[in-house]
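Written out below as structure tokens is the structure these notes cover.
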Amino acid sequence: MFYVSNVGVSEQGTVMAVIGYARVSTNGQDLTIQHEALKAAGCTKIFAEKLSGARSDRPQLARALKALGPGDTLLVTRLDRLARSTLDLLKTVHDITEAGAGFKSLADTWADTTTPHGKLMLTFLGGLAEFERSLIQSRVEAGIKRAREMGKTFGRPVALNAKQRRMIAKGRAEGKTMDELATEFEVSKATIWRTLQDPSGSQGVSP
């Protein structure tokens, strides 16, 4: 869906467009309020869709980003119309910047890459997101280290203990079949085969 209005012109004579993006999550919701706000803000085109923000495949957003040229601005009514997370927002803003365009949110006036203050705020937001990722990674690594110190093992559980592996090797040497051993120890034939290939269990055995 598109609306046409006046466009700006840069000092170099390049036509600058303000392109709007509107989104609601379900078909039962109305896009009218977003359309009116974007049109009043001077959008030359408005791309709209009814899709959940959790979806990464938003065709109209992709079209809006593709339509951006140097000096253009992508405008949304609120940040949550554009992105589903901080990282998603930063990635989208990066794509907009790579196109030589700017980004604005009507409700979140600090999110404006056309001003030095807005650029600084988004850079700060990016730093916070990176810091958050580092904290999460550090907590995960610390948790794994503590678990290992407490004797917790990771990976697939071992199906057979050392005594059972020795019994299987002995049974096989005495002439028992793979089927018989699998039935006796209640595991698959594949597990019996892996046990016979690695009697010590150094590589681990799973059902």
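Quick note on naming: the chains in the structure tokens go A, B, ... in the order shown, residues restart at 1 in each chain, and ligands are numbered from 1 in order of appearance.
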
Please list as a short mmCIF file (atom, residue, chain, number, x, y, z; two decimals) with N, CA and C atoms, in the first residue's frame every residue within 7 Å of Thr26 (chain A), counting only C-alpha atoms and excluding residues in the same chain fewer than 2 positions away.
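Now in out30.cif:
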data_model
loop_
_atom_site.label_atom_id
_atom_site.label_comp_id
_atom_site.auth_asym_id
_atom_site.auth_seq_id
_atom_site.Cartn_x
_atom_site.Cartn_y
_atom_site.Cartn_z
N VAL A 24 1.19 -4.65 11.82
CA VAL A 24 0.41 -5.18 12.94
C VAL A 24 0.59 -6.69 12.94
N GLY A 28 -6.72 -9.21 12.48
CA GLY A 28 -7.79 -8.52 13.20
C GLY A 28 -7.41 -7.12 13.63
N GLN A 29 -6.14 -6.76 13.49
CA GLN A 29 -5.69 -5.42 13.89
C GLN A 29 -5.71 -4.48 12.69
N LYS A 50 0.64 -7.39 7.68
CA LYS A 50 0.03 -7.97 8.89
C LYS A 50 0.73 -9.29 9.18
N LEU A 51 1.81 -9.19 9.94
CA LEU A 51 2.64 -10.34 10.29
C LEU A 51 3.20 -10.16 11.69
N SER A 52 3.47 -11.25 12.36
CA SER A 52 4.08 -11.19 13.68
C SER A 52 5.49 -10.64 13.58
#

- request: Please provide as a count of residues only all residues within 10 Å of region 169-180 of chain A, with the sequence filter that same-chain residues fewer than 6 positions apart are discarded (counting only C-alpha atoms).
  value: 13

field: Among listed residues A:Lys163, A:Arg23, A:Arg58, A:His35, nearest Phe185 (chain A) (using only C-alpha atoms)
entry: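 For Phe185 (chain A), the nearest of the candidates is A:Lys163.
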
field: Counting only C-alpha atoms, the option among A:Val18, A:Val76, A:Ala111, A:Leu89 closest to Gly42 (chain A)
entry: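 Selected residue with least distance to Gly42 (chain A): A:Val18.
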
message: What's the separation between CA of Leu125 (chain A) and CA of Asp57 (chain A), in Å to one decimal place?
response: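 Value for the CA of Leu125 (chain A)-CA of Asp57 (chain A) distance: 24.2 Å.
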
task: Could you tell me which of A:Thr113, A:Ala17, A:Asp30, A:Ser105 comes closest to Ala67 (chain A) if we count only C-alpha atoms?
output: A:Ala17

- request: Please give the complete set of residues from region 39-114 of chain A that DSSP, run on the backbone, assigns to helix (DSSP H, G or I), formatted as a list in words.
  value: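 So, restricting region 39-114 of chain A to helix (DSSP H, G or I), we get Lys39, Ala40, Pro59, Gln60, Leu61, Ala62, Arg63, Ala64, Leu65, Lys66, Ala67, Leu79, Asp80, Arg81, Leu82, Thr86, Leu87, Asp88, Leu89, Leu90, Lys91, Thr92, Val93, His94, Asp95, Ile96, Thr97 and Glu98 of chain A.
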
message: Between CA of Pro70 (chain A) and CA of Leu87 (chain A), what is the distance in Å, rounded to a tenth?
response: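 Taking CA of Pro70 (chain A) and CA of Leu87 (chain A), their separation equals 23.6 Å.
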
query: So what do you get for CA of Ile33 (chain A) versus CA of Thr114 (chain A), distance-wise?
result: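 These two atoms are separated by 24.4 Å.
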
- prompt: Looking at only C-alpha atoms, which of A:Thr97, A:Ser25, A:Gln164, A:Thr44 is the one that sits closest to Gly71 (chain A)?
  reply: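 Distance minimum relative to Gly71 (chain A) lands on A:Thr97.
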
task: Give the strand (DSSP E) residues of region 82-123 of chain A, as assigned by DSSP on the backbone, as number ranges by chain.
output: A: 102-105

query: A:Arg78, A:Arg139, A:Arg148, A:Arg63: which is nearest Trp110 (chain A), counting only C-alpha atoms?
result: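 Smallest distance to Trp110 (chain A) is found for A:Arg78.
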
message: Ranking A:Thr77, A:Asp72, A:Lys66, A:His117 by minimum distance to Leu31 (chain A) and counting only C-alpha atoms, which one comes first?
response: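 Once distances to Leu31 (chain A) are computed over only C-alpha atoms, the minimum belongs to A:Thr77.
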